[in-house]
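K.L.:
Take a look at coords.pdb, PDB, C-alpha atoms:
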```pdb
MODEL        1
ATOM      1  CA  MET A   1      -5.924  10.810 -15.619
ATOM      2  CA  THR A   2      -9.502   9.517 -15.846
ATOM      3  CA  ASP A   3      -9.310   7.954 -19.313
ATOM      4  CA  ARG A   4      -7.109   5.124 -18.091
ATOM      5  CA  ARG A   5      -8.225   1.598 -17.477
ATOM      6  CA  VAL A   6      -7.600  -0.212 -14.236
ATOM      7  CA  LEU A   7      -6.855  -3.914 -13.883
ATOM      8  CA  MET A   8      -9.445  -5.435 -11.547
ATOM      9  CA  GLY A   9      -8.861  -9.144 -11.860
ATOM     10  CA  VAL A  10      -7.646 -12.075 -13.908
ATOM     11  CA  ILE A  11      -9.535 -15.145 -15.026
ATOM     12  CA  GLY A  12      -7.961 -18.366 -13.875
ATOM     13  CA  ARG A  13      -8.539 -22.023 -14.536
ATOM     14  CA  PRO A  14     -11.957 -23.482 -15.368
ATOM     15  CA  HIS A  15     -14.065 -24.905 -12.577
ATOM     16  CA  GLY A  16     -16.205 -27.884 -13.443
ATOM     17  CA  VAL A  17     -17.855 -28.503 -16.803
ATOM     18  CA  ARG A  18     -20.567 -25.835 -16.783
ATOM     19  CA  GLY A  19     -18.421 -22.864 -17.798
ATOM     20  CA  LEU A  20     -17.528 -21.607 -14.338
ATOM     21  CA  VAL A  21     -14.087 -20.089 -13.871
ATOM     22  CA  HIS A  22     -11.766 -19.183 -11.038
ATOM     23  CA  VAL A  23     -11.230 -15.430 -10.871
ATOM     24  CA  ARG A  24      -8.412 -13.720  -9.008
ATOM     25  CA  SER A  25      -9.761 -10.426  -7.750
ATOM     26  CA  TYR A  26      -7.420  -7.492  -7.199
ATOM     27  CA  THR A  27     -10.004  -5.381  -5.389
ATOM     28  CA  ALA A  28      -9.640  -4.565  -1.698
ATOM     29  CA  ASP A  29     -12.652  -6.776  -0.989
ATOM     30  CA  PRO A  30     -13.157  -9.529  -3.588
ATOM     31  CA  ALA A  31     -16.910  -9.426  -2.994
ATOM     32  CA  ASP A  32     -16.968  -5.948  -4.554
ATOM     33  CA  LEU A  33     -15.605  -7.112  -7.894
ATOM     34  CA  PRO A  34     -18.912  -7.839  -9.718
ATOM     35  CA  GLY A  35     -20.155  -4.357  -8.802
ATOM     36  CA  TYR A  36     -17.492  -2.731 -10.958
ATOM     37  CA  GLY A  37     -18.588  -4.516 -14.130
ATOM     38  CA  PRO A  38     -18.977  -4.749 -17.020
ATOM     39  CA  PHE A  39     -15.319  -5.431 -17.612
ATOM     40  CA  SER A  40     -13.367  -5.132 -20.816
ATOM     41  CA  ASP A  41     -10.534  -7.383 -21.878
ATOM     42  CA  GLY A  42      -8.642  -4.624 -23.680
ATOM     43  CA  HIS A  43      -9.661  -5.980 -27.092
ATOM     44  CA  GLY A  44     -13.272  -4.857 -27.218
ATOM     45  CA  ARG A  45     -14.952  -7.808 -25.523
ATOM     46  CA  ARG A  46     -17.035  -7.069 -22.445
ATOM     47  CA  PHE A  47     -17.891  -9.363 -19.569
ATOM     48  CA  THR A  48     -19.922  -9.431 -16.388
ATOM     49  CA  LEU A  49     -19.437 -11.856 -13.563
ATOM     50  CA  ARG A  50     -21.275 -13.223 -10.575
ATOM     51  CA  TRP A  51     -19.635 -15.010  -7.676
ATOM     52  CA  VAL A  52     -20.872 -18.560  -7.257
ATOM     53  CA  SER A  53     -18.583 -19.547  -4.415
ATOM     54  CA  GLU A  54     -15.317 -18.303  -3.012
ATOM     55  CA  GLY A  55     -13.036 -17.483  -5.928
ATOM     56  CA  VAL A  56     -15.352 -19.107  -8.466
ATOM     57  CA  ALA A  57     -17.514 -17.016 -10.759
ATOM     58  CA  GLU A  58     -20.069 -17.370 -13.489
ATOM     59  CA  LEU A  59     -18.873 -15.285 -16.403
ATOM     60  CA  SER A  60     -21.104 -13.819 -19.106
ATOM     61  CA  GLU A  61     -20.034 -12.058 -22.261
ATOM     62  CA  LEU A  62     -21.999  -9.042 -23.421
ATOM     63  CA  VAL A  63     -22.958  -9.560 -27.066
ATOM     64  CA  ASP A  64     -25.165  -6.840 -28.581
ATOM     65  CA  GLY A  65     -26.206  -5.839 -25.081
ATOM     66  CA  LYS A  66     -27.250  -9.378 -24.134
ATOM     67  CA  ARG A  67     -25.531 -11.553 -21.570
ATOM     68  CA  VAL A  68     -24.281 -14.819 -22.968
ATOM     69  CA  LYS A  69     -23.026 -17.271 -20.357
ATOM     70  CA  LEU A  70     -19.987 -19.397 -20.988
ATOM     71  CA  ALA A  71     -21.451 -22.582 -22.360
ATOM     72  CA  ASP A  72     -19.010 -25.189 -21.141
ATOM     73  CA  ARG A  73     -15.523 -25.935 -19.917
ATOM     74  CA  ASN A  74     -14.042 -25.501 -23.408
ATOM     75  CA  ALA A  75     -15.307 -21.916 -23.551
ATOM     76  CA  ALA A  76     -13.900 -21.293 -20.080
ATOM     77  CA  GLU A  77     -10.503 -22.707 -21.035
ATOM     78  CA  ARG A  78     -10.221 -20.186 -23.857
ATOM     79  CA  LEU A  79     -10.424 -17.338 -21.350
ATOM     80  CA  VAL A  80      -7.679 -18.489 -18.989
ATOM     81  CA  ASN A  81      -5.357 -15.595 -18.041
ATOM     82  CA  LEU A  82      -7.731 -13.026 -19.539
ATOM     83  CA  ARG A  83      -7.364  -9.717 -17.734
ATOM     84  CA  LEU A  84     -10.457  -7.811 -16.662
ATOM     85  CA  TYR A  85     -10.263  -4.020 -16.829
ATOM     86  CA  VAL A  86     -12.608  -1.162 -16.055
ATOM     87  CA  ASP A  87     -12.289   2.467 -17.056
ATOM     88  CA  ARG A  88     -10.918   4.623 -14.265
ATOM     89  CA  ALA A  89     -14.073   6.768 -14.557
ATOM     90  CA  GLN A  90     -16.199   3.792 -13.440
ATOM     91  CA  LEU A  91     -14.615   3.787  -9.986
ATOM     92  CA  PRO A  92     -16.573   5.796  -7.407
ATOM     93  CA  ALA A  93     -15.117   9.106  -6.274
ATOM     94  CA  PRO A  94     -12.812   8.673  -3.271
ATOM     95  CA  GLY A  95     -13.487  10.465   0.001
ATOM     96  CA  GLU A  96     -11.841  13.632   1.205
ATOM     97  CA  ASP A  97      -8.059  13.265   1.371
ATOM     98  CA  GLU A  98      -8.372   9.769  -0.072
ATOM     99  CA  PHE A  99      -6.699   8.754  -3.291
ATOM    100  CA  TYR A 100      -6.766   5.659  -5.428
ATOM    101  CA  LEU A 101      -3.351   4.034  -5.481
ATOM    102  CA  SER A 102      -3.680   3.709  -9.242
ATOM    103  CA  ASP A 103      -4.046   7.511  -9.432
ATOM    104  CA  LEU A 104      -0.961   8.133  -7.326
ATOM    105  CA  VAL A 105       1.355   5.798  -9.208
ATOM    106  CA  GLY A 106       2.954   7.655 -12.088
ATOM    107  CA  LEU A 107       2.455  11.166 -10.735
ATOM    108  CA  GLU A 108       5.347  13.560 -11.233
ATOM    109  CA  ALA A 109       6.886  14.555  -7.904
ATOM    110  CA  MET A 110       8.130  18.123  -7.556
ATOM    111  CA  GLY A 111      10.171  19.624  -4.789
ATOM    112  CA  PRO A 112       9.003  22.749  -2.937
ATOM    113  CA  ASP A 113      11.016  24.852  -5.385
ATOM    114  CA  GLY A 114       9.445  23.128  -8.391
ATOM    115  CA  ALA A 115      12.457  20.946  -9.121
ATOM    116  CA  PRO A 116      11.512  17.493 -10.448
ATOM    117  CA  LEU A 117      12.227  14.633  -8.050
ATOM    118  CA  GLY A 118      11.006  11.786 -10.227
ATOM    119  CA  ARG A 119       7.845   9.764 -10.619
ATOM    120  CA  VAL A 120       5.887   7.855  -8.019
ATOM    121  CA  ASP A 121       6.950   4.262  -8.673
ATOM    122  CA  ALA A 122       4.909   2.528  -5.984
ATOM    123  CA  VAL A 123       2.698   3.148  -2.973
ATOM    124  CA  HIS A 124       3.448   1.049   0.109
ATOM    125  CA  ASP A 125       1.320   0.381   3.153
ATOM    126  CA  TYR A 126       2.510  -2.244   5.600
ATOM    127  CA  GLY A 127       0.283  -1.208   8.468
ATOM    128  CA  ALA A 128       2.298   1.805   9.572
ATOM    129  CA  GLY A 129       0.997   4.499   7.265
ATOM    130  CA  THR A 130       1.179   4.902   3.523
ATOM    131  CA  SER A 131       4.459   5.860   1.900
ATOM    132  CA  LEU A 132       5.358   6.841  -1.630
ATOM    133  CA  GLU A 133       8.370   5.454  -3.442
ATOM    134  CA  ILE A 134       9.829   8.140  -5.676
ATOM    135  CA  GLY A 135      13.005   6.770  -7.202
ATOM    136  CA  PRO A 136      15.379   6.126  -4.296
ATOM    137  CA  LEU A 137      13.266   8.330  -2.024
ATOM    138  CA  LEU A 138      10.628   6.943   0.358
ATOM    139  CA  VAL A 139       8.282   9.614   1.635
ATOM    140  CA  PRO A 140       5.476   9.218   4.194
ATOM    141  CA  PHE A 141       2.156  10.099   2.598
ATOM    142  CA  THR A 142       1.262  12.816   5.085
ATOM    143  CA  ARG A 143       0.145  16.405   4.776
ATOM    144  CA  ALA A 144       3.504  17.524   6.122
ATOM    145  CA  CYS A 145       5.511  15.651   3.503
ATOM    146  CA  VAL A 146       3.080  15.730   0.572
ATOM    147  CA  PRO A 147       1.146  18.973   0.970
ATOM    148  CA  VAL A 148      -0.212  19.149  -2.587
ATOM    149  CA  VAL A 149      -1.633  16.310  -4.681
ATOM    150  CA  ASP A 150      -2.951  17.406  -8.056
ATOM    151  CA  ILE A 151      -4.269  14.309  -9.812
ATOM    152  CA  ALA A 152      -5.659  16.299 -12.748
ATOM    153  CA  ALA A 153      -2.311  17.945 -13.440
ATOM    154  CA  GLY A 154      -0.465  14.680 -12.795
ATOM    155  CA  ARG A 155       1.861  16.002 -10.139
ATOM    156  CA  LEU A 156       2.373  16.294  -6.430
ATOM    157  CA  THR A 157       4.576  18.435  -4.257
ATOM    158  CA  VAL A 158       6.955  16.686  -1.898
ATOM    159  CA  LEU A 159       8.745  18.160   1.097
ATOM    160  CA  PRO A 160      11.296  15.463   1.900
ATOM    161  CA  PRO A 161      11.628  15.167   5.674
ATOM    162  CA  ALA A 162      14.995  15.619   7.347
ATOM    163  CA  GLU A 163      16.748  12.341   7.992
ATOM    164  CA  VAL A 164      18.325  11.494  11.308
ATOM    165  CA  VAL A 165      20.581   8.477  11.156
ATOM    166  CA  VAL A 166      20.882   6.373  14.295
ATOM    167  CA  ALA A 167      23.674   3.907  13.714
ATOM    168  CA  PRO A 168      23.616   0.736  15.825
ATOM    169  CA  ASP A 169      26.791   1.750  17.634
ATOM    170  CA  ALA A 170      25.718   5.318  18.091
ATOM    171  CA  GLY A 171      24.915   5.266  21.760
ATOM    172  CA  ALA A 172      24.604   3.319  24.919
ATOM    173  CA  ASP A 173      24.218  -0.424  25.188
ATOM    174  CA  SER A 174      20.935  -2.138  24.558
ATOM    175  CA  THR A 175      18.608  -1.880  27.455
ATOM    176  CA  SER A 176      15.349  -3.103  28.766
ATOM    177  CA  GLU A 177      12.893  -0.350  29.406
ATOM    178  CA  ALA A 178       9.808  -0.812  31.511
ATOM    179  CA  VAL A 179       6.695   0.748  30.004
ATOM    180  CA  ALA A 180       5.265   3.096  32.584
TER     181      ALA A 180
ATOM    182  CA  MET B   1       8.357 -19.055  24.925
ATOM    183  CA  ALA B   2       7.268 -15.474  25.587
ATOM    184  CA  ARG B   3       9.611 -12.950  27.148
ATOM    185  CA  SER B   4       9.395 -12.711  30.933
ATOM    186  CA  ILE B   5       7.263  -9.830  32.146
ATOM    187  CA  TRP B   6       9.679  -8.824  34.894
ATOM    188  CA  LYS B   7      12.279  -7.890  32.270
ATOM    189  CA  GLY B   8      10.066  -5.306  30.618
ATOM    190  CA  PRO B   9      10.019  -4.700  26.867
ATOM    191  CA  PHE B  10      13.333  -4.679  25.033
ATOM    192  CA  VAL B  11      14.456  -1.531  23.280
ATOM    193  CA  ASP B  12      17.859  -0.340  22.157
ATOM    194  CA  GLY B  13      18.943   2.495  24.433
ATOM    195  CA  TYR B  14      20.185   4.875  21.768
ATOM    196  CA  LEU B  15      16.744   4.778  20.195
ATOM    197  CA  LEU B  16      15.154   6.270  23.291
ATOM    198  CA  ASN B  17      17.621   9.139  23.381
ATOM    199  CA  LYS B  18      17.164   9.907  19.709
ATOM    200  CA  ALA B  19      13.378   9.738  19.959
ATOM    201  CA  GLU B  20      13.405  12.179  22.846
ATOM    202  CA  ALA B  21      15.656  14.548  20.920
ATOM    203  CA  SER B  22      13.464  14.309  17.839
ATOM    204  CA  ARG B  23      10.309  15.005  19.816
ATOM    205  CA  ALA B  24      11.940  17.981  21.495
ATOM    206  CA  SER B  25      13.033  19.458  18.161
ATOM    207  CA  GLY B  26       9.472  19.231  16.797
ATOM    208  CA  ARG B  27      10.784  19.045  13.241
ATOM    209  CA  ASN B  28       9.368  16.947  10.431
ATOM    210  CA  GLU B  29      12.026  14.256  10.325
ATOM    211  CA  ILE B  30      12.546  10.554   9.806
ATOM    212  CA  ILE B  31      14.709   8.710  12.317
ATOM    213  CA  LYS B  32      16.586   6.075  10.365
ATOM    214  CA  ILE B  33      17.153   2.947  12.423
ATOM    215  CA  TRP B  34      18.483  -0.549  11.959
ATOM    216  CA  SER B  35      17.022  -1.802  15.221
ATOM    217  CA  ARG B  36      14.131  -3.929  14.007
ATOM    218  CA  ARG B  37      14.196  -5.848  17.288
ATOM    219  CA  SER B  38      13.227  -2.890  19.470
ATOM    220  CA  THR B  39       9.755  -2.742  20.946
ATOM    221  CA  ILE B  40       7.610   0.266  20.104
ATOM    222  CA  LEU B  41       7.070   2.247  23.293
ATOM    223  CA  PRO B  42       4.355   4.813  24.065
ATOM    224  CA  GLN B  43       6.907   7.616  23.901
ATOM    225  CA  PHE B  44       7.454   6.851  20.204
ATOM    226  CA  VAL B  45       3.841   7.578  19.255
ATOM    227  CA  GLY B  46       3.601  10.348  16.681
ATOM    228  CA  LEU B  47       7.188   9.994  15.482
ATOM    229  CA  THR B  48       8.221   8.625  12.102
ATOM    230  CA  PHE B  49      11.014   6.075  11.881
ATOM    231  CA  GLY B  50      12.746   4.764   8.805
ATOM    232  CA  VAL B  51      13.167   1.074   9.569
ATOM    233  CA  TYR B  52      15.788  -0.751   7.529
ATOM    234  CA  ASN B  53      14.593  -3.893   5.794
ATOM    235  CA  GLY B  54      17.952  -4.900   4.359
ATOM    236  CA  HIS B  55      17.374  -2.826   1.273
ATOM    237  CA  LYS B  56      15.869   0.527   2.204
ATOM    238  CA  PHE B  57      14.423   2.461   5.122
ATOM    239  CA  LEU B  58      10.649   2.090   5.069
ATOM    240  CA  PRO B  59       8.791   4.944   6.795
ATOM    241  CA  VAL B  60       6.931   3.758   9.894
ATOM    242  CA  GLN B  61       4.549   6.302  11.375
ATOM    243  CA  VAL B  62       4.042   5.161  14.938
ATOM    244  CA  SER B  63       0.470   5.184  16.222
ATOM    245  CA  GLU B  64      -1.008   4.098  19.540
ATOM    246  CA  ASN B  65      -2.130   0.681  18.419
ATOM    247  CA  MET B  66       1.423  -0.216  17.346
ATOM    248  CA  VAL B  67       2.727   0.010  20.920
ATOM    249  CA  GLY B  68       4.093  -3.338  22.074
ATOM    250  CA  HIS B  69       4.959  -4.546  18.590
ATOM    251  CA  LYS B  70       8.480  -4.592  17.173
ATOM    252  CA  PHE B  71       9.659  -2.110  14.557
ATOM    253  CA  GLY B  72      10.569  -4.943  12.219
ATOM    254  CA  GLU B  73       6.959  -6.033  11.949
ATOM    255  CA  PHE B  74       6.179  -2.924   9.926
ATOM    256  CA  SER B  75       9.091  -3.135   7.522
ATOM    257  CA  PRO B  76       8.813  -6.417   5.638
ATOM    258  CA  THR B  77      11.983  -7.829   4.162
ATOM    259  CA  ARG B  78      10.213  -9.627   1.372
ATOM    260  CA  THR B  79       8.196  -7.136  -0.567
ATOM    261  CA  PHE B  80       4.988  -8.021  -2.300
ATOM    262  CA  THR B  81       3.783  -5.266  -4.561
ATOM    263  CA  GLY B  82       0.166  -6.164  -5.162
ATOM    264  CA  HIS B  83      -2.208  -4.672  -7.661
ATOM    265  CA  SER B  84      -3.758  -1.330  -6.855
ATOM    266  CA  SER B  85      -7.169  -1.678  -8.598
ATOM    267  CA  ASP B  86      -9.692  -0.011  -6.252
ATOM    268  CA  LYS B  87      -7.416   0.303  -3.221
ATOM    269  CA  LYS B  88      -7.219   3.743  -1.648
ATOM    270  CA  ALA B  89      -4.697   5.596   0.484
ATOM    271  CA  LYS B  90      -5.663   8.214   3.022
ATOM    272  CA  ARG B  91      -3.239  11.069   3.560
ATOM    273  CA  GLY B  92      -2.154  11.082   7.188
TER     274      GLY B  92
ENDMDL
END
```
Kindly present the structure from the file in structure tokens form.
P.N.:
Amino acid sequence: MTDRRVLMGVIGRPHGVRGLVHVRSYTADPADLPGYGPFSDGHGRRFTLRWVSEGVAELSELVDGKRVKLADRNAAERLVNLRLYVDRAQLPAPGEDEFYLSDLVGLEAMGPDGAPLGRVDAVHDYGAGTSLEIGPLLVPFTRACVPVVDIAAGRLTVLPPAEVVVAPDAGADSTSEAVA
Amino acid sequence: MARSIWKGPFVDGYLLNKAEASRASGRNEIIKIWSRRSTILPQFVGLTFGVYNGHKFLPVQVSENMVGHKFGEFSPTRTFTGHSSDKKAKRG
């Protein structure tokens, strides 16, 4: 799983006439983006970048180990929509019980009996805990529901929780409840 | 205009009963609900709800700092799947 590349950002429109470009960072904190460099474009070219102002960066191409800045706006225009990747191995090791989302997506989910449940399609976090989308199944990313995560083997074990359905007409009328 | 304090927080009654039953059972379960309008009460802390967003039931693990918010706030109806890059998830 470590020989993959991870998309870290995309070069946007040029900024000014001195070769600066807008860069859309996909990192959790955009300020961290330059620290992950040098970046590859997937076709053998390598780049480094330095933030100049918010969202605007000075881009340099690595040619024979030397940094060559983008000369002018024309050079910057040729790089519009260029994707910036790093090797997965360049990312620092996550903490205990922490996982990169890019590592989790694509893992094979197995039931407790070893039966395949599908692949992890997406990882969601809307402020109420992380959940894994495995086909039609949405599973909270907790120790109780996902006891085993084996990134190296490319699989995880899922114990789907029991589901209790509370239909809107299932009980008493709506009520106001004072919080004690 | 904010809701009057004398009314107390709104919550659908059947939700309270089901939450109590779920807590008593102590099982690892998701309570599927449609009631996005209900306020999260302290007695829901520690439970996991599946809150319908019009498409699917998104798991909402209730923690203390979610008390006072509505369930719907944690189950967006318009999904934005961003890029993962260096983002991490901690197993709860």
K.L.:
Rank nothing, just name the residue among A:Phe39, A:Leu156, A:Asp121, A:Val17 nearest to Gln90 in chain A, using all atoms listed in the file.
P.N.:
A:Phe39
K.L.:
Could you list, as an MDAnalysis selection string, the residues of chain B having an atom within 7 Å of chain A when counting all atoms listed in the file?
P.N.:
chainID B and resid 7:14 28:34 41 58:62 74:75 83:92
K.L.:
To one decimal place in Å, what is the distance between CA of Pro38 in chain A and CA of Leu62 in chain A?
P.N.:
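Interatomic distance, CA of Pro38 in chain A to CA of Leu62 in chain A: 8.3 Å.
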K.L.:
For a quick check of understanding, using only C-alpha atoms, which of A:Asp64, A:Asp87, A:Glu108, A:Glu77 has the smallest distance to Arg13 in chain A?
P.N.:
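Ranked by minimum distance to Arg13 in chain A, first place goes to A:Glu77.
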K.L.:
Would you please work out which residue, of A:Ala115, A:Arg4, A:Ile151, A:Arg24, is nearest to Val80 in chain A when using all atoms listed in the file?
P.N.:
A:Arg24
K.L.:
With the file shown as input, list the residues that the PyMOL selection byres ((chain A and resi 58) around 10) selects, as a VMD selection string.
P.N.:
chain A and resid 15 18 to 23 48 to 53 56 to 57 59 to 60 69 to 70 76
K.L.:
Select all residues near (13.6, -8.7, 3.3) (cut-off 10 Å, inclusive, file coordinates), counting only C-alpha atoms, and output them as a ChimeraX atom specification.
P.N.:
/B:52-56,75-79
K.L.:
Keeping only C-alpha atoms, write the selected residues to a file as a short mmCIF file (atom, residue, chain, number, x, y, z; two decimals), keeping the file's coordinate frame.
P.N.:
```
data_model
loop_
_atom_site.label_atom_id
_atom_site.label_comp_id
_atom_site.auth_asym_id
_atom_site.auth_seq_id
_atom_site.Cartn_x
_atom_site.Cartn_y
_atom_site.Cartn_z
CA TYR B 52 15.79 -0.75 7.53
CA ASN B 53 14.59 -3.89 5.79
CA GLY B 54 17.95 -4.90 4.36
CA HIS B 55 17.37 -2.83 1.27
CA LYS B 56 15.87 0.53 2.20
CA SER B 75 9.09 -3.14 7.52
CA PRO B 76 8.81 -6.42 5.64
CA THR B 77 11.98 -7.83 4.16
CA ARG B 78 10.21 -9.63 1.37
CA THR B 79 8.20 -7.14 -0.57
#
```
K.L.:
Hey, can you check how far CA of Ala2 in chain B sits from CA of Ser63 in chain B?
P.N.:
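CA of Ala2 in chain B sits 23.7 Å away from CA of Ser63 in chain B.
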K.L.:
When the PyMOL selection byres ((chain B and resi 36) around 7) is applied to the file above, which residues end up in the set, as a list in words?
P.N.:
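For this structure, the PyMOL selection byres ((chain B and resi 36) around 7) captures Trp34, Ser35, Arg37, Ser38, Val51, Lys70, Phe71 and Gly72 of chain B.
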K.L.:
Rounded to one decimal, what separation in Å do you get between CA of Glu64 in chain B and CA of Ile5 in chain B?
P.N.:
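According to the coordinates, CA of Glu64 in chain B and CA of Ile5 in chain B are separated by 20.5 Å.
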K.L.:
Give me, as a list in words, all polymer residues having an atom no more than 10 Å from Arg155 in chain A, counting only C-alpha atoms and skipping those fewer than 6 positions away in the same chain.
P.N.:
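Listing them by chain and then by number gives Leu104, Gly106, Leu107, Glu108, Ala109, Met110, Pro116, Arg119, Val120, Val148 and Val149 of chain A.
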K.L.:
Go through A:Pro14, A:Gly154, A:Gly114, A:Gly135 one by one, measure the shortest atom-to-atom distance of each to Asn74 in chain A using all atoms listed in the file, and give the residue with the smallest value.
P.N.:
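Smallest distance to Asn74 in chain A is found for A:Pro14.
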K.L.:
Please, could N, CA and C atoms be added to range 17-40 of chain B and the result written as a PDB file, in the coordinates of the input?
P.N.:
```pdb
ATOM      1  N   ASN B  17      17.013   7.803  23.347  1.00  0.00           N
ATOM      2  CA  ASN B  17      17.621   9.139  23.381  1.00  0.00           C
ATOM      3  C   ASN B  17      17.283   9.914  22.115  1.00  0.00           C
ATOM      4  N   LYS B  18      17.403   9.223  20.980  1.00  0.00           N
ATOM      5  CA  LYS B  18      17.164   9.907  19.709  1.00  0.00           C
ATOM      6  C   LYS B  18      15.694  10.296  19.572  1.00  0.00           C
ATOM      7  N   ALA B  19      14.802   9.426  20.033  1.00  0.00           N
ATOM      8  CA  ALA B  19      13.378   9.738  19.959  1.00  0.00           C
ATOM      9  C   ALA B  19      13.048  10.966  20.808  1.00  0.00           C
ATOM     10  N   GLU B  20      13.634  11.017  21.973  1.00  0.00           N
ATOM     11  CA  GLU B  20      13.405  12.179  22.846  1.00  0.00           C
ATOM     12  C   GLU B  20      13.907  13.456  22.194  1.00  0.00           C
ATOM     13  N   ALA B  21      15.083  13.373  21.586  1.00  0.00           N
ATOM     14  CA  ALA B  21      15.656  14.548  20.920  1.00  0.00           C
ATOM     15  C   ALA B  21      14.797  14.982  19.742  1.00  0.00           C
ATOM     16  N   SER B  22      14.286  14.002  19.004  1.00  0.00           N
ATOM     17  CA  SER B  22      13.464  14.309  17.839  1.00  0.00           C
ATOM     18  C   SER B  22      12.152  14.952  18.263  1.00  0.00           C
ATOM     19  N   ARG B  23      11.569  14.431  19.334  1.00  0.00           N
ATOM     20  CA  ARG B  23      10.309  15.005  19.816  1.00  0.00           C
ATOM     21  C   ARG B  23      10.523  16.428  20.313  1.00  0.00           C
ATOM     22  N   ALA B  24      11.653  16.641  20.963  1.00  0.00           N
ATOM     23  CA  ALA B  24      11.940  17.981  21.495  1.00  0.00           C
ATOM     24  C   ALA B  24      12.143  18.984  20.364  1.00  0.00           C
ATOM     25  N   SER B  25      12.760  18.519  19.266  1.00  0.00           N
ATOM     26  CA  SER B  25      13.033  19.458  18.161  1.00  0.00           C
ATOM     27  C   SER B  25      11.739  19.847  17.463  1.00  0.00           C
ATOM     28  N   GLY B  26      10.762  18.928  17.419  1.00  0.00           N
ATOM     29  CA  GLY B  26       9.472  19.231  16.797  1.00  0.00           C
ATOM     30  C   GLY B  26       9.544  19.354  15.292  1.00  0.00           C
ATOM     31  N   ARG B  27      10.644  18.923  14.688  1.00  0.00           N
ATOM     32  CA  ARG B  27      10.784  19.045  13.241  1.00  0.00           C
ATOM     33  C   ARG B  27      10.155  17.839  12.548  1.00  0.00           C
ATOM     34  N   ASN B  28       9.889  18.029  11.254  1.00  0.00           N
ATOM     35  CA  ASN B  28       9.368  16.947  10.431  1.00  0.00           C
ATOM     36  C   ASN B  28      10.557  16.116   9.968  1.00  0.00           C
ATOM     37  N   GLU B  29      10.843  15.025  10.681  1.00  0.00           N
ATOM     38  CA  GLU B  29      12.026  14.256  10.325  1.00  0.00           C
ATOM     39  C   GLU B  29      11.778  12.753  10.465  1.00  0.00           C
ATOM     40  N   ILE B  30      12.595  12.012   9.741  1.00  0.00           N
ATOM     41  CA  ILE B  30      12.546  10.554   9.806  1.00  0.00           C
ATOM     42  C   ILE B  30      13.790  10.082  10.551  1.00  0.00           C
ATOM     43  N   ILE B  31      13.584   9.256  11.555  1.00  0.00           N
ATOM     44  CA  ILE B  31      14.709   8.710  12.317  1.00  0.00           C
ATOM     45  C   ILE B  31      15.064   7.363  11.711  1.00  0.00           C
ATOM     46  N   LYS B  32      16.181   7.315  11.028  1.00  0.00           N
ATOM     47  CA  LYS B  32      16.586   6.075  10.365  1.00  0.00           C
ATOM     48  C   LYS B  32      17.190   5.118  11.379  1.00  0.00           C
ATOM     49  N   ILE B  33      16.648   3.914  11.445  1.00  0.00           N
ATOM     50  CA  ILE B  33      17.153   2.947  12.423  1.00  0.00           C
ATOM     51  C   ILE B  33      17.346   1.581  11.775  1.00  0.00           C
ATOM     52  N   TRP B  34      18.248   0.843  12.368  1.00  0.00           N
ATOM     53  CA  TRP B  34      18.483  -0.549  11.959  1.00  0.00           C
ATOM     54  C   TRP B  34      17.861  -1.508  12.976  1.00  0.00           C
ATOM     55  N   SER B  35      17.456  -0.968  14.105  1.00  0.00           N
ATOM     56  CA  SER B  35      17.022  -1.802  15.221  1.00  0.00           C
ATOM     57  C   SER B  35      15.590  -2.287  15.022  1.00  0.00           C
ATOM     58  N   ARG B  36      15.441  -3.355  14.256  1.00  0.00           N
ATOM     59  CA  ARG B  36      14.131  -3.929  14.007  1.00  0.00           C
ATOM     60  C   ARG B  36      13.611  -4.686  15.219  1.00  0.00           C
ATOM     61  N   ARG B  37      14.551  -5.025  16.137  1.00  0.00           N
ATOM     62  CA  ARG B  37      14.196  -5.848  17.288  1.00  0.00           C
ATOM     63  C   ARG B  37      13.587  -5.033  18.415  1.00  0.00           C
ATOM     64  N   SER B  38      13.694  -3.724  18.361  1.00  0.00           N
ATOM     65  CA  SER B  38      13.227  -2.890  19.470  1.00  0.00           C
ATOM     66  C   SER B  38      11.704  -2.846  19.537  1.00  0.00           C
ATOM     67  N   THR B  39      11.200  -2.850  20.744  1.00  0.00           N
ATOM     68  CA  THR B  39       9.755  -2.742  20.946  1.00  0.00           C
ATOM     69  C   THR B  39       9.325  -1.286  20.794  1.00  0.00           C
ATOM     70  N   ILE B  40       8.146  -1.083  20.239  1.00  0.00           N
ATOM     71  CA  ILE B  40       7.610   0.266  20.104  1.00  0.00           C
ATOM     72  C   ILE B  40       7.007   0.688  21.445  1.00  0.00           C
TER      73      ILE B  40
END
```
